[in-house]
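Novice: My questions all concern the structure below.
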Amino acid sequence: MPRLSSAIAGLLLAAALVGCGGASTDVAIEMATKKVDRATVGRALDEFRNACRPLFSRHAADVRAIRAVVSDEGSTQVRRFGWGVHLDLTVTLVRSPTTLPAPVDAEARFLIGGGTRPGVLAFSATAAALCGLEPATGRSTVFAAAPPLAELLPPWVATPTTEQVAAYRAEEARALSGDYQSQRNVAWCFVDGCTGVEPIDDVRACAWRKVILAAKHPKADASDRDNVTLDCDRALAPADVDVATAKAEELFRKIYKKDLPKAP
């Protein structure tokens with residue numbers, strides 16, 4: 001039997017990824033981890049189809065291609081959901097979509113994970129619309145729960161080393177002594193998880209952001225006010241902001257031996 005040329009073989013592989021029927025809503029899968037197999041990924045995609053039915057029915061005509069990268073590589077967003085293995089899925093739309101309300105992005109991105117918070121995260125208004133969802137006022141992302149994913153996609157398991165914990169505790173001590181950059185680093189750890197040395201805690205992150213802004217350190221810049229907007233006003237409900245403010249008052253008195261100034 002003659003050998004296939006590399007070009008023809010590549011075309012056949014691409015066709016196989018799209019699927020037997022070649023439908024635009026078939027999902028091309030790229031495996032970037034060995035922690036799950038393709039059969040499991042297929043079942044996870046079935047759960048995505050259940051959670052995002054309009055994409056595969058009402059809006060199918062506007063879809064040009066769908067690609068999913070299966071990975072266990074961490075990111076802030078992935079860690080915040082407690083996801084280990086997850087699917088990063090991108091939907092590419094046709095040039096002039098007709099089933100979606102304008103304005104429409106050229107691509108729509110989703111994250112799909114299991115663990116303790118199984119579900120689908122739509123990253124934009126376009127992604128949300130494809131799933132029949134709508135972002136809350138002032139938000140661009142929407143989360144849709146999909147409980148069966150908990151049995152399919154493993155959670156993020158944090159295993160910080162002794163050295164990482166010691167380094168963080170030293171950073172925390174510097175933050176409590178008033179060091180500006182260390183305070184920012186500690187605040188970020190409560191947002192990101194920092195290899196598991198601290199649990200993700202949005203209230204404590206907000207408290208530190210308020211302390212940093214109120215301290216008016218010589219090195220402070222506009223990003224410190226932006227961080228209060230992002231990690232307090234947009235991330236928390238009003239009641240949680242009140243709790244964070246109380247924690248900020250305690251921290252400020254501990255560090256600077258005086259009351260937290262009132263926000264302007």
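Letters A, B, ... go to the chains of the structure tokens in the order shown; residues in each chain start at 1; ligands are counted from 1 in the same order.
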Residues near region 121-135 of chain A, anyone? I mean within 8 Å using only C-alpha atoms, not counting same-chain ones fewer than 2 positions away, as a list of chain:residue names.
Specialist: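 Here the qualifying residues turn out to be A:Ala51, A:Cys52, A:Arg53, A:Pro54, A:Leu55, A:His59, A:Leu100, A:Val104, A:Asp105, A:Ala108, A:Arg109, A:Phe110, A:Leu111, A:Ile112, A:Gly119, A:Thr137, A:Gly138, A:Arg139, A:Ser140, A:Thr141, A:Val142, A:Phe143, A:Ala144.
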Novice: Tell me, which residues of region 58-156 of chain A carry DSSP strand (DSSP E), written as a PyMOL selection string?
Specialist: chain A and resi 63-71+86-93+107-113+119-122+142-145
Novice: Write out the residues from the selection above, keeping C-alpha atoms, as a short mmCIF file (atom, residue, chain, number, x, y, z; two decimals), in the first residue's frame.
Specialist:
```
data_model
loop_
_atom_site.label_atom_id
_atom_site.label_comp_id
_atom_site.auth_asym_id
_atom_site.auth_seq_id
_atom_site.Cartn_x
_atom_site.Cartn_y
_atom_site.Cartn_z
CA VAL A 63 -20.75 28.57 14.08
CA ARG A 64 -17.74 28.05 11.84
CA ALA A 65 -15.65 25.85 14.16
CA ILE A 66 -15.26 24.74 17.78
CA ARG A 67 -11.93 23.82 19.33
CA ALA A 68 -11.22 22.54 22.85
CA VAL A 69 -7.82 22.30 24.54
CA VAL A 70 -7.79 19.84 27.44
CA SER A 71 -5.23 20.95 30.02
CA HIS A 86 -10.30 21.61 32.41
CA LEU A 87 -11.36 22.36 28.85
CA ASP A 88 -10.56 25.72 27.28
CA LEU A 89 -13.10 25.87 24.46
CA THR A 90 -13.23 28.45 21.67
CA VAL A 91 -16.14 28.90 19.27
CA THR A 92 -15.29 30.68 16.02
CA LEU A 93 -18.29 32.35 14.41
CA GLU A 107 -14.85 34.23 18.83
CA ALA A 108 -16.47 33.11 22.05
CA ARG A 109 -14.47 31.43 24.82
CA PHE A 110 -15.54 29.03 27.56
CA LEU A 111 -13.84 27.20 30.43
CA ILE A 112 -15.28 23.84 31.52
CA GLY A 113 -14.27 22.16 34.78
CA GLY A 119 -19.74 23.96 35.46
CA VAL A 120 -19.16 26.16 32.43
CA LEU A 121 -17.79 29.71 32.47
CA ALA A 122 -18.78 31.92 29.52
CA VAL A 142 -21.56 34.01 33.35
CA PHE A 143 -21.20 30.72 35.21
CA ALA A 144 -23.58 27.82 34.56
CA ALA A 145 -23.45 24.88 36.96
#
```
Novice: Determine the nearest neighbour of Gly114 (chain A) from the options A:Ala44, A:Val191, A:Ala166, A:Leu176, counting only C-alpha atoms.
Specialist: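 Comparing A:Ala44, A:Val191, A:Ala166, A:Leu176 against Gly114 (chain A), the winner is A:Ala44.
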Novice: Write out as a list of chain:residue names the residues lying within 9 Å of Arg209 (chain A), counting only C-alpha atoms and excluding same-chain residues fewer than 3 positions away.
Specialist: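 Once the nearby chain positions are removed, what remains is A:Gln183, A:Arg184, A:Ala187, A:Arg204, A:Ala205, A:Cys206, A:Ile212, A:Leu213, A:Ala214, A:Asp224, A:Arg225, A:Asn227, A:Val228, A:Asp231, A:Cys232, A:Ala248.
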Novice: Would you mind exporting the chosen residues as a PDB file, in the first residue's frame, restricted to N, CA and C atoms?
Specialist:
```
ATOM      1  N   GLN A 183       2.467  43.849  50.675  1.00  0.00           N
ATOM      2  CA  GLN A 183       1.017  43.944  50.859  1.00  0.00           C
ATOM      3  C   GLN A 183       0.282  43.615  49.567  1.00  0.00           C
ATOM      4  N   ARG A 184       0.785  44.111  48.471  1.00  0.00           N
ATOM      5  CA  ARG A 184       0.164  43.790  47.173  1.00  0.00           C
ATOM      6  C   ARG A 184       0.273  42.298  46.883  1.00  0.00           C
ATOM      7  N   ALA A 187      -2.259  40.393  49.038  1.00  0.00           N
ATOM      8  CA  ALA A 187      -3.605  40.594  48.498  1.00  0.00           C
ATOM      9  C   ALA A 187      -3.827  39.705  47.277  1.00  0.00           C
ATOM     10  N   ARG A 204     -10.919  38.699  52.182  1.00  0.00           N
ATOM     11  CA  ARG A 204      -9.604  39.095  52.698  1.00  0.00           C
ATOM     12  C   ARG A 204      -8.788  39.818  51.631  1.00  0.00           C
ATOM     13  N   ALA A 205      -8.941  39.430  50.362  1.00  0.00           N
ATOM     14  CA  ALA A 205      -8.264  40.155  49.277  1.00  0.00           C
ATOM     15  C   ALA A 205      -8.738  41.602  49.256  1.00  0.00           C
ATOM     16  N   CYS A 206     -10.041  41.794  49.342  1.00  0.00           N
ATOM     17  CA  CYS A 206     -10.599  43.153  49.343  1.00  0.00           C
ATOM     18  C   CYS A 206     -10.090  43.946  50.547  1.00  0.00           C
ATOM     19  N   ILE A 212      -4.120  48.920  51.476  1.00  0.00           N
ATOM     20  CA  ILE A 212      -3.078  49.454  50.587  1.00  0.00           C
ATOM     21  C   ILE A 212      -3.466  50.838  50.083  1.00  0.00           C
ATOM     22  N   LEU A 213      -4.730  50.982  49.654  1.00  0.00           N
ATOM     23  CA  LEU A 213      -5.172  52.280  49.135  1.00  0.00           C
ATOM     24  C   LEU A 213      -5.148  53.345  50.223  1.00  0.00           C
ATOM     25  N   ALA A 214      -5.596  52.973  51.417  1.00  0.00           N
ATOM     26  CA  ALA A 214      -5.669  53.951  52.508  1.00  0.00           C
ATOM     27  C   ALA A 214      -4.297  54.364  53.025  1.00  0.00           C
ATOM     28  N   ASP A 224      -3.802  50.732  42.363  1.00  0.00           N
ATOM     29  CA  ASP A 224      -4.305  50.384  43.686  1.00  0.00           C
ATOM     30  C   ASP A 224      -5.783  50.749  43.835  1.00  0.00           C
ATOM     31  N   ARG A 225      -6.181  51.865  43.263  1.00  0.00           N
ATOM     32  CA  ARG A 225      -7.607  52.202  43.263  1.00  0.00           C
ATOM     33  C   ARG A 225      -8.365  51.246  42.341  1.00  0.00           C
ATOM     34  N   ASN A 227      -7.631  48.200  41.779  1.00  0.00           N
ATOM     35  CA  ASN A 227      -7.739  46.913  42.463  1.00  0.00           C
ATOM     36  C   ASN A 227      -8.890  46.898  43.473  1.00  0.00           C
ATOM     37  N   VAL A 228      -9.144  48.032  44.116  1.00  0.00           N
ATOM     38  CA  VAL A 228     -10.300  48.113  45.014  1.00  0.00           C
ATOM     39  C   VAL A 228     -11.591  47.959  44.206  1.00  0.00           C
ATOM     40  N   ASP A 231     -11.548  44.060  43.036  1.00  0.00           N
ATOM     41  CA  ASP A 231     -11.590  43.016  44.067  1.00  0.00           C
ATOM     42  C   ASP A 231     -12.587  43.289  45.177  1.00  0.00           C
ATOM     43  N   CYS A 232     -13.167  44.489  45.188  1.00  0.00           N
ATOM     44  CA  CYS A 232     -14.204  44.803  46.190  1.00  0.00           C
ATOM     45  C   CYS A 232     -15.536  45.077  45.500  1.00  0.00           C
ATOM     46  N   ALA A 248     -10.421  45.252  57.062  1.00  0.00           N
ATOM     47  CA  ALA A 248      -9.422  46.255  56.693  1.00  0.00           C
ATOM     48  C   ALA A 248      -9.147  47.192  57.867  1.00  0.00           C
TER      49      ALA A 248
END
```
Novice: Using only C-alpha atoms, find each residue of region 122-190 of chain A with at least one atom at most 9 Å away from an atom of region 26-43 of chain A; report its shortest atom-to-atom pair and that distance in Å (one decimal), sort the rows by chain and rising residue number, and return the result as JSON lines.
Specialist:
```
{"residue": "A:Leu149", "atom": "CA", "partner": "A:Arg43", "partner_atom": "CA", "distance": 8.6}
{"residue": "A:Leu152", "atom": "CA", "partner": "A:Thr40", "partner_atom": "CA", "distance": 6.3}
{"residue": "A:Leu153", "atom": "CA", "partner": "A:Val36", "partner_atom": "CA", "distance": 7.6}
{"residue": "A:Pro154", "atom": "CA", "partner": "A:Lys35", "partner_atom": "CA", "distance": 8.4}
```
